[in-house]
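Below is one structure, written out as structure tokens; the observations come after it.
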Amino acid sequence: MKKIQQTIALSYEEICQGKSPWVPLGKFMHDFFGNFAEQRQELVKEPIQEPQDCTEEQHRWAAFCAASVDYLCQKYDIPCPGWANDPAYVLAEPWYNSPYADLPDVRQELEEETPEPFKRRNIYCSDRIYANKFEIAQDLRQRRSA
């Protein structure tokens, strides 16, 4: 049985269907970093489709998906698809993706450490947002064997 690739477009579609965002994004990350690492460009090329009656929450996640694609393409030297740089994915108001965003110190820390593709879209999150567990594990193995 062939596994369906969890593209960013599919992840966003599942978010719009009501799934908790980190479930489909986690599946996307697992495919991007592990299952289909050799097909990364394929996983990000298809544009996301915002619903006609898009809620503010869905729009935030659309911007987050676009920022994610931009960030991952830069990090892994993949051509960034044009759809990810659409100005529609720049939020009018800052969005702090943290349960502690009401704390000024947390906001300041997020503003300082957020990767540039997210900042450009007015999204503030941890610089570890897309930590690659496969690369982290390999780095630990190399350190232990040195």
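So you can find residues: chains in the structure tokens are A, B, ... in the order shown, residues in each start at 1, and ligands are numbered from 1 in order.
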*Which residues come within 12 Å of Glu14 in chain A, counting only C-alpha atoms, excluding same-chain residues fewer than 4 positions away, as a ChimeraX atom specification?*
/A:6-10,18-28,48-51,58,61-62
Restricting the output to C-alpha atoms, write the selected residues as a PDB file, in the first residue's frame.
ATOM      1  CA  GLN A   6       1.484  14.769   3.684  1.00  0.00           C
ATOM      2  CA  THR A   7       2.004  17.953   1.668  1.00  0.00           C
ATOM      3  CA  ILE A   8       1.694  21.399   3.193  1.00  0.00           C
ATOM      4  CA  ALA A   9      -1.464  21.878   1.079  1.00  0.00           C
ATOM      5  CA  LEU A  10      -3.008  18.717   2.550  1.00  0.00           C
ATOM      6  CA  GLY A  18     -11.030  21.267  12.121  1.00  0.00           C
ATOM      7  CA  LYS A  19      -8.034  19.082  12.943  1.00  0.00           C
ATOM      8  CA  SER A  20      -5.728  20.402  15.637  1.00  0.00           C
ATOM      9  CA  PRO A  21      -3.049  22.227  13.545  1.00  0.00           C
ATOM     10  CA  TRP A  22      -0.031  20.447  15.001  1.00  0.00           C
ATOM     11  CA  VAL A  23      -1.373  17.018  14.005  1.00  0.00           C
ATOM     12  CA  PRO A  24      -1.317  17.604  10.215  1.00  0.00           C
ATOM     13  CA  LEU A  25       1.765  19.847  10.498  1.00  0.00           C
ATOM     14  CA  GLY A  26       3.496  17.102  12.490  1.00  0.00           C
ATOM     15  CA  LYS A  27       2.707  14.588   9.749  1.00  0.00           C
ATOM     16  CA  PHE A  28       4.047  17.073   7.184  1.00  0.00           C
ATOM     17  CA  ILE A  48      -2.709  26.030  -0.132  1.00  0.00           C
ATOM     18  CA  GLN A  49      -6.349  26.888  -0.785  1.00  0.00           C
ATOM     19  CA  GLU A  50      -8.080  29.173   1.688  1.00  0.00           C
ATOM     20  CA  PRO A  51     -11.818  28.488   1.975  1.00  0.00           C
ATOM     21  CA  GLN A  58      -7.725  29.714   9.249  1.00  0.00           C
ATOM     22  CA  TRP A  61      -2.638  29.160   9.732  1.00  0.00           C
ATOM     23  CA  ALA A  62      -2.496  29.900   5.994  1.00  0.00           C
TER      24      ALA A  62
END
_Just want the 10 Å neighbourhood of Arg40 in chain A, counted on only C-alpha atoms, with same-chain residues fewer than 4 positions away dropped. Output as a ChimeraX atom specification._
/A:7,31-36,44-45,72-73,76,78
Got time to write the residues from that selection, C-alpha atoms, as a PDB file, in the first residue's frame?
ATOM      1  CA  THR A   7       2.004  17.953   1.668  1.00  0.00           C
ATOM      2  CA  ASP A  31       7.380  13.353   5.699  1.00  0.00           C
ATOM      3  CA  PHE A  32       9.542  16.409   4.945  1.00  0.00           C
ATOM      4  CA  PHE A  33      12.344  15.391   7.303  1.00  0.00           C
ATOM      5  CA  GLY A  34      12.024  11.613   7.098  1.00  0.00           C
ATOM      6  CA  ASN A  35       9.713   9.616   4.857  1.00  0.00           C
ATOM      7  CA  PHE A  36      10.074  11.743   1.717  1.00  0.00           C
ATOM      8  CA  VAL A  44       5.710  22.282  -0.702  1.00  0.00           C
ATOM      9  CA  LYS A  45       4.977  23.145  -4.334  1.00  0.00           C
ATOM     10  CA  LEU A  72      12.130  25.344   4.995  1.00  0.00           C
ATOM     11  CA  CYS A  73      13.003  26.197   1.387  1.00  0.00           C
ATOM     12  CA  TYR A  76      17.269  23.260   2.733  1.00  0.00           C
ATOM     13  CA  ILE A  78      14.961  24.388  -2.266  1.00  0.00           C
TER      14      ILE A  78
END
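With only C-alpha atoms as the atoms that count, the residue of A:Arg121, A:Leu110, A:Asp102, A:Phe64 with the shortest distance to Pro87 in chain A is A:Arg121.
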